[in-house]
file work.txt (compact mmCIF, C-alpha atoms)
# COMPACT_ATOMS: atom_id res chain seq x y z
CA MET Z 1443 15.93 1.00 -23.86
CA PRO Z 1444 16.01 -0.52 -27.37
CA VAL Z 1445 16.00 2.59 -29.56
CA ARG Z 1446 18.17 3.77 -32.40
CA ILE Z 1447 19.86 7.13 -32.68
CA ASP Z 1448 19.74 8.32 -36.26
CA ALA Z 1449 20.67 11.42 -38.15
CA VAL Z 1450 17.55 13.53 -38.58
CA THR Z 1451 17.14 16.04 -41.33
CA ALA Z 1452 15.12 19.11 -40.46
CA ASP Z 1453 15.09 22.14 -42.66
CA GLY Z 1454 18.02 20.75 -44.53
CA LYS Z 1455 20.25 20.69 -41.46
CA SER Z 1456 21.68 17.54 -39.97
CA GLU Z 1457 20.61 17.02 -36.39
CA SER Z 1458 20.90 14.07 -34.03
CA GLY Z 1459 17.61 12.53 -32.92
CA LEU Z 1460 16.03 9.52 -31.39
CA LYS Z 1461 13.78 7.22 -33.35
CA GLY Z 1462 12.12 3.99 -32.55
CA ASN Z 1463 9.12 1.77 -32.58
CA LEU Z 1464 6.58 1.42 -29.80
CA SER Z 1465 6.80 -2.35 -30.18
CA LEU Z 1466 10.32 -2.08 -28.75
CA THR Z 1467 9.67 0.35 -25.95
CA THR Z 1468 6.71 2.09 -24.35
CA ILE Z 1469 5.77 5.74 -24.16
CA THR Z 1470 6.18 5.70 -20.38
CA ASP Z 1471 9.73 4.32 -20.68
CA LEU Z 1472 10.48 6.97 -23.26
CA LEU Z 1473 9.16 9.76 -21.05
CA GLN Z 1474 11.20 8.47 -18.11
CA PHE Z 1475 14.35 8.38 -20.21
CA LEU Z 1476 13.91 11.92 -21.57
CA SER Z 1477 13.03 13.24 -18.15
CA ALA Z 1478 16.01 11.57 -16.47
CA SER Z 1479 18.38 12.89 -19.11
CA ALA Z 1480 16.95 16.44 -18.85
CA LYS Z 1481 16.23 16.70 -22.58
CA SER Z 1482 14.53 19.63 -24.34
CA GLY Z 1483 12.57 19.05 -27.53
CA VAL Z 1484 9.55 17.23 -28.84
CA ILE Z 1485 8.64 13.58 -29.28
CA ARG Z 1486 6.52 13.13 -32.37
CA LEU Z 1487 4.44 9.96 -32.27
CA LEU Z 1488 2.66 8.29 -35.14
CA ARG Z 1489 0.10 5.64 -34.34
CA GLN Z 1490 -0.13 2.50 -36.45
CA PRO Z 1491 -2.50 1.68 -37.91
CA GLY Z 1492 -4.45 4.89 -38.36
CA GLY Z 1493 -1.68 7.42 -38.64
CA ASP Z 1494 -2.86 9.56 -35.71
CA GLU Z 1495 -0.22 12.00 -34.56
CA GLY Z 1496 0.80 13.06 -31.08
CA ARG Z 1497 3.43 15.44 -29.72
CA ILE Z 1498 5.03 15.64 -26.29
CA TYR Z 1499 7.19 18.67 -25.51
CA PHE Z 1500 9.96 18.76 -22.91
CA VAL Z 1501 12.08 21.56 -21.48
CA ALA Z 1502 15.11 20.39 -19.49
CA GLY Z 1503 13.41 17.07 -18.77
CA GLU Z 1504 10.16 18.69 -17.63
CA LEU Z 1505 6.92 17.91 -19.43
CA VAL Z 1506 5.41 21.17 -20.72
CA SER Z 1507 2.89 20.29 -23.41
CA VAL Z 1508 1.07 17.27 -24.83
CA VAL Z 1509 -1.12 17.15 -27.92
CA SER Z 1510 -2.84 14.09 -29.36
CA LYS Z 1511 -5.18 14.72 -32.26
CA ASP Z 1512 -7.57 17.32 -30.81
CA LEU Z 1513 -6.81 16.41 -27.18
CA THR Z 1514 -4.33 18.40 -25.11
CA GLY Z 1515 -2.70 18.22 -21.68
CA LEU Z 1516 -3.53 15.21 -19.50
CA GLU Z 1517 -6.36 14.14 -21.82
CA GLY Z 1518 -3.86 14.03 -24.65
CA LEU Z 1519 -1.30 12.13 -22.59
CA ALA Z 1520 -3.93 9.57 -21.53
CA ASP Z 1521 -4.79 9.05 -25.16
CA LEU Z 1522 -1.14 8.55 -26.10
CA LEU Z 1523 -0.59 6.05 -23.28
CA SER Z 1524 -3.31 3.88 -24.75
CA TRP Z 1525 -1.39 3.50 -28.01
CA GLU Z 1526 0.15 0.09 -28.39
CA GLN Z 1527 1.74 0.35 -31.83
CA GLY Z 1528 3.42 3.14 -33.70
CA THR Z 1529 6.67 5.01 -34.08
CA PHE Z 1530 8.32 7.85 -32.21
CA HIS Z 1531 10.85 10.43 -33.15
CA PHE Z 1532 12.49 12.80 -30.67
CA MET Z 1533 13.63 16.10 -32.14
CA PRO Z 1534 15.80 18.14 -29.80
CA GLY Z 1535 15.52 21.88 -29.48
CA VAL Z 1536 11.89 22.17 -30.62
CA ALA Z 1537 9.82 24.25 -28.20
CA ALA Z 1538 6.08 24.19 -27.55
CA ALA Z 1539 3.98 27.15 -28.57
CA GLN Z 1540 2.27 27.05 -25.18
CA SER Z 1541 2.30 25.02 -21.98
CA ASN Z 1542 -0.75 22.86 -21.23
CA ILE Z 1543 0.56 20.57 -18.53
CA GLY Z 1544 2.07 21.58 -15.23
CA LEU Z 1545 3.08 18.31 -13.63
CA SER Z 1546 6.24 16.22 -13.26
CA VAL Z 1547 6.53 13.26 -15.64
CA GLN Z 1548 5.72 10.77 -12.87
CA HIS Z 1549 2.75 12.72 -11.65
CA ALA Z 1550 1.46 13.32 -15.16
CA ILE Z 1551 1.65 9.59 -16.01
CA MET Z 1552 -0.23 8.71 -12.84
CA GLU Z 1553 -2.98 11.24 -13.52
CA ALA Z 1554 -3.20 10.12 -17.15
CA VAL Z 1555 -3.59 6.50 -16.05
CA VAL Z 1556 -6.44 7.54 -13.76
CA LEU Z 1557 -8.12 9.16 -16.77
CA LEU Z 1558 -7.56 6.00 -18.80
CA ASP Z 1559 -9.20 3.90 -16.08
CA LYS Z 1560 -12.11 6.31 -16.03
CA ARG Z 1561 -12.50 6.11 -19.79
CA ALA Z 1562 -12.34 2.32 -19.74
CA LYS Z 1563 -15.19 2.27 -17.24
CA GLU Z 1564 -17.21 4.76 -19.23
CA ASN Z 1565 -16.73 2.67 -22.35
CA GLY Z 1566 -18.00 -0.37 -20.48
CA GLY Z 1567 -21.19 1.44 -19.48
CA ASN Z 1568 -21.42 3.40 -16.25
CA GLY Z 1569 -18.92 3.03 -13.39
CA SER Z 1570 -21.05 0.74 -11.32
CA GLY Z 1571 -21.81 -1.33 -14.42
CA ALA Z 1572 -18.12 -1.91 -15.03
CA HIS Z 1573 -17.71 -2.91 -11.42
CA LYS Z 1574 -20.66 -5.24 -11.65
CA GLU Z 1575 -19.13 -6.82 -14.70
CA ALA Z 1576 -15.79 -7.36 -12.93
CA TYR Z 1577 -17.62 -8.69 -9.89
CA GLU Z 1578 -19.67 -11.09 -11.92
CA ARG Z 1579 -16.66 -12.14 -13.92
CA SER Z 1580 -14.90 -13.10 -10.71
CA PHE Z 1581 -17.84 -15.23 -9.77
CA ALA Z 1582 -18.12 -16.75 -13.20
CA MET Z 1583 -14.74 -18.28 -12.34
CA GLN Z 1584 -13.79 -18.67 -15.90
CA GLU Z 1585 -10.32 -20.00 -16.29
CA SER Z 1586 -7.98 -17.19 -17.11
CA GLY Z 1587 -5.84 -17.73 -20.18
CA ARG Z 1588 -2.86 -17.84 -17.88
CA ASP Z 1589 -2.20 -19.20 -14.44
CA SER Z 1590 -2.23 -16.54 -11.71
CA THR Z 1591 1.38 -17.40 -10.86
CA GLU Z 1592 2.45 -16.42 -14.38
CA VAL Z 1593 0.67 -13.08 -14.10
CA LEU Z 1594 2.25 -12.47 -10.70
CA ASN Z 1595 5.68 -13.20 -12.13
CA ASP Z 1596 5.04 -10.70 -14.94
CA LEU Z 1597 4.15 -8.11 -12.32
CA LEU Z 1598 7.33 -8.89 -10.43
CA ALA Z 1599 9.36 -8.39 -13.60
CA ILE Z 1600 8.30 -4.72 -13.79
CA PRO Z 1601 11.30 -2.65 -12.72
CA GLY Z 1602 10.87 -1.23 -9.23
CA ILE Z 1603 8.55 -3.94 -7.89
CA ASP Z 1604 10.01 -5.99 -5.03
CA ALA Z 1605 7.07 -8.22 -4.22
CA VAL Z 1606 3.50 -8.94 -5.31
CA VAL Z 1607 0.85 -10.46 -3.10
CA VAL Z 1608 -2.78 -11.47 -3.56
CA ILE Z 1609 -4.89 -11.62 -0.41
CA GLY Z 1610 -8.44 -12.65 0.35
CA ARG Z 1611 -10.76 -10.08 1.93
CA ASP Z 1612 -10.13 -11.82 5.25
CA GLY Z 1613 -6.34 -11.33 4.99
CA PHE Z 1614 -5.53 -14.85 3.80
CA VAL Z 1615 -2.38 -14.65 1.68
CA ILE Z 1616 -3.54 -16.54 -1.40
CA GLU Z 1617 -0.35 -16.16 -3.39
CA SER Z 1618 2.82 -14.11 -3.40
CA VAL Z 1619 6.01 -13.75 -5.42
CA GLY Z 1620 9.22 -11.91 -4.71
CA SER Z 1621 10.22 -10.63 -1.33
CA SER Z 1622 10.77 -7.36 0.35
CA ALA Z 1623 13.42 -6.68 2.95
CA ARG Z 1624 11.16 -3.96 4.26
CA VAL Z 1625 7.78 -5.68 4.49
CA ASN Z 1626 6.73 -9.05 5.93
CA ILE Z 1627 4.28 -10.49 3.40
CA ASP Z 1628 2.08 -12.33 5.93
CA GLU Z 1629 1.80 -9.22 8.06
CA LEU Z 1630 1.09 -7.17 4.94
CA GLY Z 1631 -1.81 -9.51 4.13
CA ALA Z 1632 -3.40 -9.06 7.54
CA SER Z 1633 -2.78 -5.30 7.65
CA LEU Z 1634 -4.08 -4.71 4.14
CA ALA Z 1635 -7.27 -6.63 4.85
CA HIS Z 1636 -7.95 -4.38 7.85
CA SER Z 1637 -7.17 -1.25 5.80
CA VAL Z 1638 -9.29 -2.28 2.84
CA ASN Z 1639 -12.17 -3.05 5.19
CA GLY Z 1640 -11.93 0.40 6.69
CA ILE Z 1641 -11.69 2.06 3.30
CA GLU Z 1642 -14.66 0.13 1.96
CA GLU Z 1643 -16.72 1.07 5.00
CA MET Z 1644 -15.79 4.69 4.36
CA GLY Z 1645 -16.81 4.32 0.70
CA THR Z 1646 -20.17 2.92 1.77
CA GLU Z 1647 -20.70 5.71 4.29
CA LEU Z 1648 -19.82 8.35 1.71
CA ASN Z 1649 -21.81 6.57 -1.00
CA VAL Z 1650 -18.94 6.81 -3.47
CA ASN Z 1651 -18.95 3.20 -4.72
CA ARG Z 1652 -16.33 0.50 -4.16
CA PHE Z 1653 -12.67 1.33 -3.71
CA GLN Z 1654 -10.51 1.02 -6.80
CA ASP Z 1655 -6.95 1.88 -5.84
CA MET Z 1656 -4.88 2.55 -2.78
CA PHE Z 1657 -1.38 3.98 -2.55
CA VAL Z 1658 0.39 4.13 0.77
CA GLU Z 1659 3.76 5.83 0.90
CA TYR Z 1660 5.96 5.14 3.89
CA GLY Z 1661 9.50 6.33 4.47
CA ARG Z 1662 10.97 3.00 3.35
CA ALA Z 1663 8.33 1.43 1.13
CA VAL Z 1664 5.37 2.22 -1.09
CA ILE Z 1665 2.42 -0.16 -1.29
CA ILE Z 1666 -0.01 -0.04 -4.19
CA CYS Z 1667 -3.12 -2.16 -4.01
CA LYS Z 1668 -6.13 -2.82 -6.17
CA PRO Z 1669 -9.12 -5.17 -6.03
CA VAL Z 1670 -8.75 -8.21 -8.30
CA GLY Z 1671 -12.03 -10.05 -8.47
CA ASP Z 1672 -13.03 -10.89 -4.92
CA ALA Z 1673 -9.43 -10.55 -3.68
CA VAL Z 1674 -6.96 -7.69 -3.37
CA ALA Z 1675 -3.57 -7.51 -5.08
CA ALA Z 1676 -0.72 -5.42 -3.72
CA VAL Z 1677 2.73 -4.58 -5.00
CA VAL Z 1678 5.58 -3.39 -2.82
CA THR Z 1679 8.13 -0.92 -4.15
CA PRO Z 1680 11.06 0.63 -2.32
CA ASP Z 1681 10.09 4.24 -3.10
CA ALA Z 1682 7.73 6.42 -5.12
CA SER Z 1683 10.14 7.29 -7.93
CA LYS Z 1684 8.60 4.84 -10.41
CA LEU Z 1685 5.04 4.97 -9.22
CA GLY Z 1686 3.57 6.38 -12.44
CA ILE Z 1687 5.21 3.79 -14.63
CA ILE Z 1688 4.39 0.98 -12.25
CA ARG Z 1689 0.77 2.02 -12.19
CA HIS Z 1690 0.66 2.15 -15.97
CA LYS Z 1691 2.38 -1.20 -16.47
CA THR Z 1692 0.40 -3.02 -13.81
CA ARG Z 1693 -3.02 -1.97 -15.06
CA LYS Z 1694 -3.59 -4.71 -17.62
CA LEU Z 1695 -1.93 -7.36 -15.47
CA PHE Z 1696 -4.23 -6.54 -12.57
CA GLU Z 1697 -7.19 -6.90 -14.94
CA GLU Z 1698 -5.86 -10.27 -16.04
CA LEU Z 1699 -5.34 -11.31 -12.42
CA ALA Z 1700 -8.97 -10.45 -11.63
CA GLN Z 1701 -10.05 -13.34 -13.85
CA SER Z 1702 -8.37 -15.81 -11.50
CA PHE Z 1703 -9.95 -14.54 -8.27
CA MET D 1023 -16.22 -5.36 8.02
CA THR D 1024 -15.60 -8.98 7.34
CA VAL D 1025 -13.98 -11.75 9.32
CA MET D 1026 -10.29 -10.98 9.85
CA ARG D 1027 -8.16 -14.10 9.91
CA ASP D 1028 -5.40 -12.69 12.05
CA THR D 1029 -7.89 -11.66 14.75
CA VAL D 1030 -9.45 -15.13 14.78
CA VAL D 1031 -6.10 -16.92 14.72
CA LYS D 1032 -4.66 -14.79 17.55
CA SER D 1033 -7.76 -15.19 19.70
CA LEU D 1034 -8.10 -18.94 19.24
CA ALA D 1035 -4.37 -19.59 19.56
CA LYS D 1036 -4.49 -18.13 23.09
CA ILE D 1037 -6.84 -20.84 24.27
CA THR D 1038 -5.12 -23.57 26.22
CA VAL D 1039 -5.58 -26.91 24.55
CA GLN D 1040 -5.42 -29.59 27.19
CA GLY D 1041 -6.71 -33.09 26.90
CA ASP D 1042 -8.93 -34.54 29.63
CA GLU D 1043 -8.48 -37.96 31.27
CA ASN D 1044 -9.49 -39.57 27.97
CA GLY D 1045 -7.04 -37.50 25.92
CA LEU D 1046 -9.87 -35.46 24.43
CA ILE D 1047 -10.26 -31.67 24.28
CA PRO D 1048 -13.64 -30.48 25.52
CA GLU D 1049 -12.61 -26.80 25.23
CA TYR D 1050 -14.35 -26.27 21.89
CA GLU D 1051 -17.58 -27.85 23.09
CA VAL D 1052 -16.83 -30.80 20.87
CA LEU D 1053 -14.49 -33.68 21.57
CA VAL D 1054 -11.32 -33.47 19.55
CA ASN D 1055 -8.62 -36.11 19.63
CA LEU D 1056 -5.12 -35.05 20.53
CA LEU D 1057 -3.32 -37.53 18.31
CA PRO D 1058 -0.04 -37.19 16.42
CA VAL D 1059 -0.50 -36.52 12.71
CA SER D 1060 2.02 -39.23 11.88
CA LEU D 1061 -0.48 -41.78 13.21
CA LEU D 1062 -3.20 -40.47 10.88
CA ASN D 1063 -0.83 -40.27 7.93
CA THR D 1064 0.52 -43.76 8.52
CA PHE D 1065 -3.01 -45.13 8.82
CA ALA D 1066 -4.03 -43.53 5.51
CA GLU D 1067 -0.87 -44.66 3.75
CA ARG D 1068 -1.14 -48.27 4.95
CA ILE D 1069 -4.82 -48.69 4.26
CA MET D 1070 -4.38 -47.30 0.74
CA ALA D 1071 -1.33 -49.49 0.13
CA ALA D 1072 -3.18 -52.58 1.38
CA ALA D 1073 -6.22 -52.00 -0.84
CA PRO D 1074 -6.35 -54.01 -4.06
CA PRO D 1075 -6.28 -51.84 -7.22
CA ASP D 1076 -10.01 -52.22 -7.89
CA LYS D 1077 -10.86 -51.13 -4.34
CA LYS D 1078 -8.52 -48.15 -3.99
CA ALA D 1079 -11.17 -45.61 -5.08
CA GLN D 1080 -13.57 -46.96 -2.49
CA VAL D 1081 -10.95 -46.86 0.27
CA GLU D 1082 -10.11 -43.30 -0.71
CA GLU D 1083 -13.80 -42.42 -0.54
CA GLY D 1084 -13.89 -44.00 2.92
CA LEU D 1085 -11.03 -41.81 4.15
CA VAL D 1086 -12.75 -38.70 2.78
CA ARG D 1087 -16.03 -39.85 4.31
CA ALA D 1088 -14.43 -40.20 7.75
CA ALA D 1089 -13.19 -36.60 7.51
CA TYR D 1090 -16.59 -35.50 6.23
CA GLU D 1091 -18.50 -37.07 9.12
CA CYS D 1092 -16.05 -35.54 11.57
CA GLY D 1093 -16.16 -32.16 9.84
CA TYR D 1094 -19.94 -32.02 9.52
CA HIS D 1095 -20.74 -32.81 13.15
CA THR D 1096 -17.67 -31.25 14.76
CA GLY D 1097 -17.89 -28.25 12.43
CA CYS D 1098 -21.48 -27.65 13.49
CA GLY D 1099 -20.35 -27.81 17.10
CA ILE D 1100 -17.58 -25.32 16.45
CA ILE D 1101 -19.56 -22.72 14.53
CA THR D 1102 -22.29 -22.78 17.15
CA SER D 1103 -19.87 -22.77 20.11
CA GLU D 1104 -19.47 -19.91 22.57
CA ILE D 1105 -15.88 -19.39 21.49
CA PHE D 1106 -16.86 -19.00 17.83
CA ASN D 1107 -19.73 -16.78 18.87
CA ASP D 1108 -17.44 -14.55 20.92
CA VAL D 1109 -14.50 -14.38 18.51
CA VAL D 1110 -15.89 -14.72 15.00
CA MET D 1111 -19.56 -13.76 14.98
CA PRO D 1112 -19.01 -10.06 15.86
CA MET D 1113 -17.07 -9.75 12.57
CA VAL D 1114 -19.64 -11.54 10.42
CA THR D 1115 -21.32 -9.12 8.01
CA GLU D 1116 -21.51 -11.28 4.89
CA GLY D 1117 -23.46 -14.21 6.33
CA GLU D 1118 -22.35 -17.70 5.38
CA LYS D 1119 -19.39 -16.44 3.43
CA ASP D 1120 -17.93 -14.86 6.57
CA ILE D 1121 -18.76 -17.91 8.67
CA LEU D 1122 -16.74 -20.00 6.22
CA ARG D 1123 -13.88 -17.51 6.40
CA GLY D 1124 -14.01 -17.86 10.17
CA ALA D 1125 -14.08 -21.66 9.93
CA TYR D 1126 -10.90 -21.74 7.83
CA ALA D 1127 -9.24 -19.23 10.14
CA ALA D 1128 -10.06 -21.56 13.04
CA PHE D 1129 -8.74 -24.47 11.02
CA THR D 1130 -5.47 -22.57 10.63
CA ALA D 1131 -5.35 -21.49 14.28
CA TRP D 1132 -5.57 -25.10 15.42
CA GLY D 1133 -2.69 -26.08 13.18
CA TRP D 1134 -4.59 -28.38 10.83
CA ALA D 1135 -3.70 -26.45 7.68
CA LYS D 1136 -2.84 -22.93 6.68
CA SER D 1137 -5.81 -22.65 4.42
CA GLY D 1138 -8.33 -20.16 3.15
CA ILE D 1139 -10.92 -19.30 0.54
CA VAL D 1140 -9.70 -18.25 -2.91
CA GLN D 1141 -13.05 -18.08 -4.73
CA LEU D 1142 -16.59 -18.46 -3.56
CA LYS D 1143 -19.83 -18.52 -5.47
CA GLU D 1144 -22.37 -18.75 -2.71
CA GLY D 1145 -24.08 -22.10 -2.46
CA GLU D 1146 -22.54 -23.33 -5.69
CA ARG D 1147 -18.78 -23.47 -5.71
CA MET D 1148 -15.80 -22.79 -3.48
CA VAL D 1149 -12.06 -22.97 -4.15
CA ILE D 1150 -9.76 -23.52 -1.19
CA ARG D 1151 -5.99 -23.21 -1.14
CA ALA D 1152 -3.90 -24.87 1.56
CA PHE D 1153 -0.21 -24.41 2.20
CA ASP D 1154 0.87 -26.77 4.93
CA TYR D 1155 -1.72 -29.45 5.50
CA TYR D 1156 -0.35 -32.42 7.39
CA GLU D 1157 -1.37 -35.00 4.79
CA ALA D 1158 1.17 -33.48 2.38
CA ASP D 1159 3.84 -34.96 4.65
CA GLY D 1160 2.45 -38.49 4.53
CA GLY D 1161 3.55 -41.27 2.22
CA GLY D 1162 1.64 -42.74 -0.68
CA GLU D 1163 0.74 -41.96 -4.24
CA GLY D 1164 -1.23 -39.18 -5.94
CA LEU D 1165 -3.26 -36.46 -4.29
CA ARG D 1166 -3.86 -37.33 -0.65
CA GLY D 1167 -5.62 -34.40 1.03
CA TYR D 1168 -8.44 -36.64 2.27
CA THR D 1169 -9.07 -34.62 5.43
CA LEU D 1170 -9.26 -31.26 3.70
CA ARG D 1171 -11.55 -32.72 1.05
CA GLY D 1172 -13.94 -34.12 3.65
CA LEU D 1173 -13.86 -31.03 5.85
CA SER D 1174 -14.29 -28.56 2.98
CA GLN D 1175 -17.29 -30.49 1.73
CA ALA D 1176 -18.69 -30.57 5.28
CA PHE D 1177 -18.16 -26.83 5.87
CA PHE D 1178 -19.90 -26.00 2.59
CA ASP D 1179 -22.82 -28.27 3.45
CA LEU D 1180 -23.11 -26.60 6.86
CA ALA D 1181 -23.06 -23.16 5.27
CA TYR D 1182 -25.32 -23.65 2.26
CA ALA D 1183 -27.23 -26.93 2.41
CA ASP D 1184 -30.32 -27.68 4.53
CA PRO D 1185 -29.92 -27.02 8.27
CA TYR D 1186 -27.96 -29.53 10.34
CA PRO D 1187 -28.31 -32.52 10.24
CA ASP D 1188 -30.44 -32.67 7.05
CA GLY D 1189 -27.99 -31.07 4.66
CA MET D 1190 -25.47 -33.87 4.50
CA ASP D 1191 -24.08 -34.95 1.15
CA THR D 1192 -25.33 -31.96 -0.83
CA HIS D 1193 -21.87 -31.03 -2.08
CA VAL D 1194 -18.69 -32.82 -3.07
CA CYS D 1195 -15.06 -31.74 -2.90
CA HIS D 1196 -12.35 -32.56 -5.43
CA GLN D 1197 -8.64 -32.03 -4.92
CA THR D 1198 -7.00 -30.56 -8.02
CA LYS D 1199 -3.50 -29.73 -6.78
CA GLY D 1200 -1.34 -31.01 -3.96
CA ILE D 1201 1.99 -30.27 -2.31
CA GLU D 1202 2.36 -34.07 -2.07
CA ALA D 1203 2.24 -34.16 -5.89
CA GLY D 1204 4.81 -31.40 -6.38
CA ASP D 1205 2.46 -28.40 -6.62
CA PRO D 1206 3.23 -25.27 -4.60
CA TYR D 1207 -0.04 -25.61 -2.70
CA GLY D 1208 -3.06 -27.84 -2.33
CA GLU D 1209 -6.23 -26.79 -4.15
CA PHE D 1210 -9.67 -28.07 -3.26
CA ILE D 1211 -12.87 -27.32 -5.18
CA VAL D 1212 -16.31 -27.85 -3.68
CA VAL D 1213 -19.30 -28.08 -6.02
CA ARG D 1214 -22.85 -29.34 -5.88
CA LYS D 1215 -23.18 -33.10 -6.29
call {"tool": "encode", "arguments": {"input": "work.txt", "output": "structure tokens"}}
result
Amino acid sequence: MPVRIDAVTADGKSESGLKGNLSLTTITDLLQFLSASAKSGVIRLLRQPGGDEGRIYFVAGELVSVVSKDLTGLEGLADLLSWEQGTFHFMPGVAAAQSNIGLSVQHAIMEAVVLLDKRAKENGGNGSGAHKEAYERSFAMQESGRDSTEVLNDLLAIPGIDAVVVIGRDGFVIESVGSSARVNIDELGASLAHSVNGIEEMGTELNVNRFQDMFVEYGRAVIICKPVGDAVAAVVTPDASKLGIIRHKTRKLFEELAQSF
Amino acid sequence: MTVMRDTVVKSLAKITVQGDENGLIPEYEVLVNLLPVSLLNTFAERIMAAAPPDKKAQVEEGLVRAAYECGYHTGCGIITSEIFNDVVMPMVTEGEKDILRGAYAAFTAWGWAKSGIVQLKEGERMVIRAFDYYEADGGGEGLRGYTLRGLSQAFFDLAYADPYPDGMDTHVCHQTKGIEAGDPYGEFIVVRK
């Protein structure tokens, strides 16, 4: 992770800390690092431009509290994950006044990403309106700025992803990159199409709108899939340890992919 | 529910394909030649090579037209056949779109090309991707997926133009990518004429 360890002065005492810029790393990477190294302290984030401030508190690598402006807990974390530019500064040994989040880092990231998706839809109108827009965009068949193969390769470059596949609703494997020793891509295409069909039928029966995400965790592989335009994209990962980060990092790429299908 | 390719491919692949005394296959309620693809590829390559430069476009159009005529009439036979009715129609819930999905699954099952629909705007535009169409193995220059061009145009006419046989020549198919030209797959786009 490209960050710099500097001497930090707090209350006149010299203390080691971690500083960096969000253009060099992401908040999810930072959270992963602090969680894996069982750190205690606070990450202070400053958004640029705007100067909004956020704080994320850890105790022994566990997430205990998040504050972003007037938002706290998962709402606050979701807000912080949407920041694209700014600086961070980890100060060890600083404790939160109170706990407002009771989830592991991975789980918290995943839940925060769900909130982000929800907000994005609300900002685009109502949920069905956002879907309609995506649906119509897929039919508008505008040329995406990038070729779908480039987007797929970017998805494959995310750590933890073994393979990425785009399938038609009938199970036709439109495109794939990477490979998985655990999953046969052609068989995945056919199986996913059957599963998605079943899930969409269930959604219709329950009147809960179109399906948006599917995670399937097996003993030797995890499959994440999402509709992209009129097709379905799926990524294969060996286990669930990076699921939160993968979900966060794939979000925009899936949106970009939807313009091609 | 929509048409599931693997179900169609598995069901159709089980059918014994045996030529009759004339070397034709009546199994699909249409007569299909059992000819080696090298013969078709060689024919296309030689006729294109023999054409003078100012006639090449017309010869190419002729090759596409031959596939179109075959695809339009044979395709109609196939999608109205008992086999298609038994295997594909029970899965059709999205009308013409599903019938087209079934047609490309059948196309794959019979070994003509591993192909399928990438994008579809009903009645207006369709993008097809093909991974191992036999014309990619033939000799010649430029994009040479004449058969897939003709058949895709025919399938789209059958699905969205006036009922058979009045809907001929409503759409046209262009090839934009080809394995024979170094692309990873063949891409065919059908639009209104």
call {"tool": "atom_distance", "arguments": {"input": "work.txt", "atom1": "atom CA of Ile1666 of chain Z", "atom2": "atom CA of Met1552 of chain Z"}}
result
12.3 Å
call {"tool": "residues_around", "arguments": {"input": "work.txt", "residues": "Ala1632 of chain Z", "least_positions_apart": "2", "cutoff": "10 Å", "atoms": "all atoms listed in the file", "output": "tab-separated table (two decimals) with C-alpha atoms, in the coordinates of the input"}}
result
chain	number	residue	atom	x	y	z
Z	1609	ILE	CA	-4.89	-11.62	-0.41
Z	1610	GLY	CA	-8.44	-12.65	0.35
Z	1611	ARG	CA	-10.76	-10.08	1.93
Z	1612	ASP	CA	-10.13	-11.82	5.25
Z	1613	GLY	CA	-6.34	-11.33	4.99
Z	1614	PHE	CA	-5.53	-14.85	3.80
Z	1615	VAL	CA	-2.38	-14.65	1.68
Z	1627	ILE	CA	4.28	-10.49	3.40
Z	1628	ASP	CA	2.08	-12.33	5.93
Z	1629	GLU	CA	1.80	-9.22	8.06
Z	1630	LEU	CA	1.09	-7.17	4.94
Z	1634	LEU	CA	-4.08	-4.71	4.14
Z	1635	ALA	CA	-7.27	-6.63	4.85
Z	1636	HIS	CA	-7.95	-4.38	7.85
Z	1637	SER	CA	-7.17	-1.25	5.80
D	1026	MET	CA	-10.29	-10.98	9.85
D	1027	ARG	CA	-8.16	-14.10	9.91
D	1028	ASP	CA	-5.40	-12.69	12.05
D	1029	THR	CA	-7.89	-11.66	14.75
call {"tool": "residues_near_point", "arguments": {"input": "work.txt", "point": "(-1.6, 8.9, -21.3)", "cutoff": "8 Å", "atoms": "all atoms listed in the file", "output": "PyMOL selection string"}}
result
chain Z and resi 1516-1524+1551+1554-1555+1557-1558
call {"tool": "closest_residue", "arguments": {"input": "work.txt", "among": "Z:Val1638, Z:Ala1663, Z:Val1506, Z:Leu1597", "to": "chain D", "atoms": "all atoms listed in the file"}}
result
Z:Val1638
call {"tool": "closest_residue", "arguments": {"input": "work.txt", "among": "D:Gly1138, D:Gly1172, D:Gly1161, D:Gly1045", "to": "chain Z", "atoms": "only C-alpha atoms"}}
result
D:Gly1138
call {"tool": "closest_residue", "arguments": {"input": "work.txt", "among": "D:Val1140, D:Ala1079, D:Ala1125, D:Leu1046", "to": "chain Z", "atoms": "all atoms listed in the file"}}
result
D:Val1140
call {"tool": "interface_residues", "arguments": {"input": "work.txt", "of": "chain D", "to": "chain Z", "cutoff": "12 Å", "atoms": "all atoms listed in the file", "output": "ChimeraX atom specification"}}
result
/D:1023-1032,1110,1113-1116,1119-1127,1130,1136-1153,1205-1209,1211
call {"tool": "closest_residue", "arguments": {"input": "work.txt", "among": "D:Arg1214, D:Arg1171, D:Lys1199, D:Arg1166", "to": "Glu1091 of chain D", "atoms": "all atoms listed in the file"}}
result
D:Arg1171
call {"tool": "residues_around", "arguments": {"input": "work.txt", "residues": "Gly1099 of chain D", "least_positions_apart": "6", "cutoff": "12 Å", "atoms": "all atoms listed in the file", "output": "VMD selection string"}}
result
chain D and resid 1048 to 1054 1092 to 1093 1105 to 1107 1125 1177 1180 1186 to 1187
call {"tool": "closest_residue", "arguments": {"input": "work.txt", "among": "D:Gly1117, D:Trp1132, D:Lys1077, D:Glu1082", "to": "Ile1047 of chain D", "atoms": "only C-alpha atoms"}}
result
D:Trp1132
call {"tool": "atom_distance", "arguments": {"input": "work.txt", "atom1": "atom CA of Lys1684 of chain Z", "atom2": "atom CA of Gln1548 of chain Z"}}
result
7.0 Å
